[in-house]
Each structure stands twice: as structure tokens, then as C-alpha cells.
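Reproduced below: my_file37.tsv, with TSV, C-alpha atoms.
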chain	number	residue	atom	x	y	z
A	1	MET	CA	73.49	98.66	101.85
A	2	ASP	CA	71.91	95.32	101.18
A	3	ASN	CA	73.60	92.07	102.16
A	4	LYS	CA	76.01	91.97	99.19
A	5	ARG	CA	79.66	91.86	100.18
A	6	LEU	CA	81.79	94.70	98.89
A	7	TYR	CA	84.57	92.53	97.51
A	8	THR	CA	82.85	91.49	94.30
A	9	PRO	CA	83.98	93.36	91.16
A	10	SER	CA	80.39	94.02	90.06
A	11	THR	CA	79.45	95.49	93.45
A	12	ILE	CA	82.52	97.72	93.51
A	13	GLN	CA	81.90	98.91	89.95
A	14	GLU	CA	78.24	99.63	90.70
A	15	ILE	CA	79.16	101.70	93.79
A	16	LEU	CA	81.87	103.64	91.93
A	17	ASN	CA	79.55	104.32	88.99
A	18	ARG	CA	76.66	105.42	91.21
A	19	HIS	CA	78.91	107.93	92.97
A	20	GLY	CA	80.71	109.01	89.79
A	21	PHE	CA	84.01	108.11	91.41
A	22	THR	CA	87.16	107.66	89.35
A	23	MET	CA	90.40	106.45	90.85
A	24	THR	CA	93.29	108.87	91.14
A	25	LYS	CA	96.57	107.59	89.77
A	26	ALA	CA	98.50	110.06	91.96
A	27	LEU	CA	97.11	108.33	95.08
A	28	GLY	CA	97.91	104.86	93.74
A	29	GLN	CA	94.31	103.78	94.30
A	30	ASN	CA	93.74	100.08	93.78
A	31	PHE	CA	90.68	98.63	95.51
A	32	LEU	CA	90.61	95.00	96.61
A	33	ILE	CA	88.13	92.94	94.57
A	34	ASP	CA	88.94	89.36	95.59
A	35	GLY	CA	87.14	87.94	98.60
A	36	ASN	CA	89.83	85.31	99.18
A	37	THR	CA	92.47	88.03	99.38
A	38	VAL	CA	90.38	90.18	101.71
A	39	ARG	CA	89.60	87.26	104.02
A	40	GLY	CA	93.26	86.13	103.88
A	41	ILE	CA	94.53	89.53	104.99
A	42	VAL	CA	92.14	89.60	107.95
A	43	GLN	CA	92.87	85.99	108.91
A	44	GLY	CA	96.60	86.64	108.64
A	45	SER	CA	96.30	89.63	110.95
A	46	GLY	CA	94.99	87.46	113.79
A	47	VAL	CA	92.23	89.97	114.60
A	48	THR	CA	89.52	88.70	116.97
A	49	LYS	CA	86.30	90.11	118.43
A	50	GLU	CA	88.32	91.55	121.36
A	51	ASP	CA	90.70	93.51	119.13
A	52	ARG	CA	90.87	97.08	117.91
A	53	VAL	CA	92.23	97.78	114.44
A	54	LEU	CA	93.85	100.77	112.78
A	55	GLU	CA	93.37	100.52	109.02
A	56	ILE	CA	95.29	102.78	106.67
A	57	GLY	CA	93.54	103.57	103.38
A	58	PRO	CA	90.12	101.91	103.49
A	59	GLY	CA	89.24	102.97	99.94
A	60	ILE	CA	85.57	102.10	99.51
A	61	GLY	CA	85.65	99.87	102.60
A	62	THR	CA	86.22	96.39	101.17
A	63	LEU	CA	88.83	95.39	103.76
A	64	THR	CA	87.16	97.57	106.39
A	65	GLU	CA	83.96	95.57	106.06
A	66	GLU	CA	85.78	92.29	106.71
A	67	LEU	CA	87.63	93.82	109.66
A	68	ALA	CA	84.36	95.15	111.09
A	69	LEU	CA	82.93	91.63	111.03
A	70	GLU	CA	85.91	90.24	112.97
A	71	ALA	CA	87.09	93.06	115.28
A	72	LYS	CA	85.74	94.93	118.28
A	73	SER	CA	86.37	98.24	116.51
A	74	VAL	CA	88.06	99.71	113.46
A	75	LEU	CA	89.55	103.17	113.07
A	76	ALA	CA	90.15	103.66	109.35
A	77	VAL	CA	92.24	106.57	108.06
A	78	GLU	CA	91.47	107.73	104.50
A	79	LYS	CA	93.28	110.49	102.65
A	80	ASP	CA	90.83	110.93	99.76
A	81	GLN	CA	87.89	113.10	100.89
A	82	ARG	CA	86.03	112.15	97.70
A	83	LEU	CA	85.43	108.73	99.27
A	84	LYS	CA	83.40	110.19	102.14
A	85	PRO	CA	79.92	109.60	100.63
A	86	ILE	CA	80.93	106.11	99.51
A	87	LEU	CA	82.26	105.14	102.94
A	88	GLU	CA	79.21	106.65	104.63
A	89	GLU	CA	77.12	104.30	102.50
A	90	THR	CA	79.26	101.16	102.65
A	91	MET	CA	79.97	101.39	106.38
A	92	ALA	CA	76.47	102.53	107.43
A	93	ASP	CA	75.62	99.12	108.92
A	94	TYR	CA	78.81	98.89	111.01
A	95	ASP	CA	78.65	100.83	114.27
A	96	ASN	CA	82.13	99.57	115.21
A	97	VAL	CA	83.81	101.51	112.37
A	98	GLU	CA	85.01	105.10	112.52
A	99	ILE	CA	86.44	106.78	109.44
A	100	LEU	CA	89.01	109.51	110.02
A	101	PHE	CA	89.74	111.63	106.95
A	102	GLY	CA	93.28	112.88	106.64
A	103	ASP	CA	96.76	111.99	105.50
A	104	ALA	CA	98.15	109.15	107.65
A	105	LEU	CA	101.61	110.68	107.23
A	106	LYS	CA	100.48	114.04	108.63
A	107	LEU	CA	97.97	113.07	111.31
A	108	ASP	CA	99.11	112.39	114.85
A	109	LEU	CA	97.95	108.77	114.73
A	110	LYS	CA	99.28	108.03	118.20
A	111	LYS	CA	97.13	110.81	119.68
A	112	GLU	CA	94.12	109.79	117.58
A	113	TRP	CA	94.49	106.19	118.81
A	114	GLU	CA	95.04	107.13	122.46
A	115	ASP	CA	92.10	109.58	122.43
A	116	ARG	CA	89.81	106.74	121.39
A	117	PHE	CA	91.33	103.62	122.93
A	118	GLY	CA	93.96	104.65	125.47
A	119	GLN	CA	96.69	102.03	125.63
A	120	ASP	CA	94.63	99.22	124.09
A	121	PRO	CA	96.83	97.11	121.80
A	122	VAL	CA	96.48	97.83	118.10
A	123	HIS	CA	96.41	95.63	115.03
A	124	ILE	CA	97.42	97.69	112.02
A	125	VAL	CA	96.05	96.44	108.71
A	126	ALA	CA	96.48	98.07	105.30
A	127	ASN	CA	96.48	97.60	101.55
A	128	LEU	CA	99.23	100.09	100.71
A	129	PRO	CA	99.84	101.77	97.36
A	130	TYR	CA	103.32	101.40	95.87
A	131	TYR	CA	104.41	105.02	96.19
A	132	VAL	CA	103.64	105.36	99.90
A	133	THR	CA	104.56	101.93	101.28
A	134	THR	CA	107.98	102.85	102.66
A	135	PRO	CA	106.96	106.22	104.20
A	136	ILE	CA	103.84	104.71	105.80
A	137	LEU	CA	105.69	101.72	107.25
A	138	GLY	CA	108.43	103.99	108.59
A	139	ALA	CA	105.86	106.32	110.16
A	140	LEU	CA	103.95	103.41	111.72
A	141	PHE	CA	107.07	101.99	113.32
A	142	ASP	CA	107.94	105.43	114.68
A	143	LEU	CA	104.53	105.85	116.36
A	144	ASP	CA	105.35	103.76	119.41
A	145	LEU	CA	101.81	102.42	119.58
A	146	PRO	CA	101.07	99.31	121.65
A	147	LEU	CA	101.38	97.22	118.49
A	148	LYS	CA	99.90	93.73	118.52
A	149	SER	CA	100.38	93.04	114.80
A	150	LEU	CA	101.13	94.76	111.52
A	151	THR	CA	99.60	93.20	108.41
A	152	VAL	CA	100.07	94.97	105.09
A	153	MET	CA	99.44	94.07	101.50
A	154	VAL	CA	102.04	95.59	99.21
A	155	GLN	CA	102.88	95.41	95.54
A	156	LYS	CA	104.97	92.35	94.62
A	157	GLU	CA	108.00	94.49	93.70
A	158	VAL	CA	107.93	96.20	97.09
A	159	ALA	CA	107.71	92.86	98.89
A	160	GLU	CA	110.67	91.53	96.89
A	161	ARG	CA	112.75	94.57	97.85
A	162	MET	CA	111.75	94.24	101.50
A	163	CYS	CA	112.84	90.60	101.48
A	164	GLY	CA	115.94	91.10	99.31
A	165	GLN	CA	119.43	90.17	100.47
A	166	GLU	CA	121.46	93.14	101.66
A	167	GLY	CA	124.02	94.14	99.04
A	168	THR	CA	121.99	92.79	96.11
A	169	LYS	CA	120.06	94.76	93.50
A	170	ASP	CA	116.81	93.43	95.00
A	171	TYR	CA	117.52	94.93	98.42
A	172	GLY	CA	115.63	98.08	99.33

Rewrite the coordinates I just gave you, this time as C-alpha cells.
Amino acid sequence: MDNKRLYTPSTIQEILNRHGFTMTKALGQNFLIDGNTVRGIVQGSGVTKEDRVLEIGPGIGTLTEELALEAKSVLAVEKDQRLKPILEETMADYDNVEILFGDALKLDLKKEWEDRFGQDPVHIVANLPYYVTTPILGALFDLDLPLKSLTVMVQKEVAERMCGQEGTKDYG
């Protein structure tokens, strides 16, 4: 990779075209293309150079790249095996990133984390698709990891339901 950041629409389109990659609607794929959003997610997470991060769903690595620049290490879990050659390319310059391919809902993420980092505290960061937000969040809370922070980007409708008043139609 050259020094272009991944979060520009033209860079993302060029990478996807070069690899012949098309997004899968069934996986709810929606890659981040706005640098302000990417930087805002990482800033909001509070990640520093001493921190280790678990990222769910790196996609082509847009958020992963920003995390790699700010964190000690990043373990990114990606379900879509078709992204392997893209992530190998986009993350080639980051020796503090490891990509683990598998379904975050089926992997033993606690074991994967402990095998790599023991009881080091974890920042979890993710840009979650609509259809899997609730199951992923439930699974993450059930992991009993030494959680330092949980920062997720979700679809507006999901956020509204999460913040809705109990007993109202917006509650979920």
C-alpha cells in the first residue's frame, strides 16, 4: 500500500474493483468511507498506544487502519473470507494487526483473546451491520472479558431503539 488512507471513497472503490469484490447484502456490508467518522470512532473509544483492541468486522480495514495507528495491537475478527486478500494488502504495513477469520458469534472470543493477551484489558470497537447488532452486543457482554471500553457504530434506527423509553414503540 502507498500512503493513501483507506477512508476515501475513491481509494475504497479502487481496492474493491481491483479485487473484484462486491458487497454481500446478506452480511449487511457497509464500509466506512468518511475519515471524520473513522477518526471519531477511534477518538471516542479512548484507545491509546498502550491499549489492545478487539475489532469486530474490519471489512477492508478502514477502521482497523486508524486503530492500528493509535493502539498497541488490534485483533480484528472478520466473517467474510472473501476479504482475506484485501485485508492482507491493506494491513500489510501494520505489524500490530492480526486478522482472525471466522464468525464472531461462533468463535470463542474469550479464548482467542486470552491466548494472545492473557488478562490485558480490551477495548472493543466495531461498525456493526443492522441485522447482527443485537446478537453481537449480547455475545460481547456475555464474554466476561476484562473490558475497558465498548465503542460501536450502529444504524440510526438501532441506536434509537437502544435509547428508547421502556414501554414505548421505540424501545427495543

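Here atom CA of A:Thr90 stands at a distance of 27.5 Å from atom CA of A:Leu147.
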
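Going from atom CA of A:Val38 to atom CA of A:Lys111 covers 28.2 Å.
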
Shell around A:Lys148 at 9 Å using only C-alpha atoms, local window under 6 positions removed, as a count of residues only: 4

Which residues, written as a ChimeraX atom specification, have at least one atom at most 12 Å from stretch 7-15 of chain A, with only C-alpha atoms counted and residues fewer than 5 positions away on the same chain left out? /A:1-2,20-23,30-39,59-66,83,85-90

From the list A:Ile41, A:Leu143, A:Val74, A:Leu6, which residue is nearest A:Asn127 when using all atoms listed in the file?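 Closest to A:Asn127 of all the choices is A:Ile41.
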
Would you mind telling me which residue in A:Leu75, A:Ile56, A:Leu67, A:Leu16 lies nearest to A:Ala104 when using only C-alpha atoms?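 Counting only C-alpha atoms, the residue closest to A:Ala104 is A:Ile56.
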
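For the pair atom CA of A:Glu98 and atom CA of A:Pro58, the interatomic distance is 10.9 Å.
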
Tell me which of A:Phe101, A:Asn96, A:Leu145, A:Thr151 sits closest to A:Gly118, counting only C-alpha atoms.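 Between A:Phe101, A:Asn96, A:Leu145, A:Thr151, the residue approaching A:Gly118 most closely is A:Leu145.
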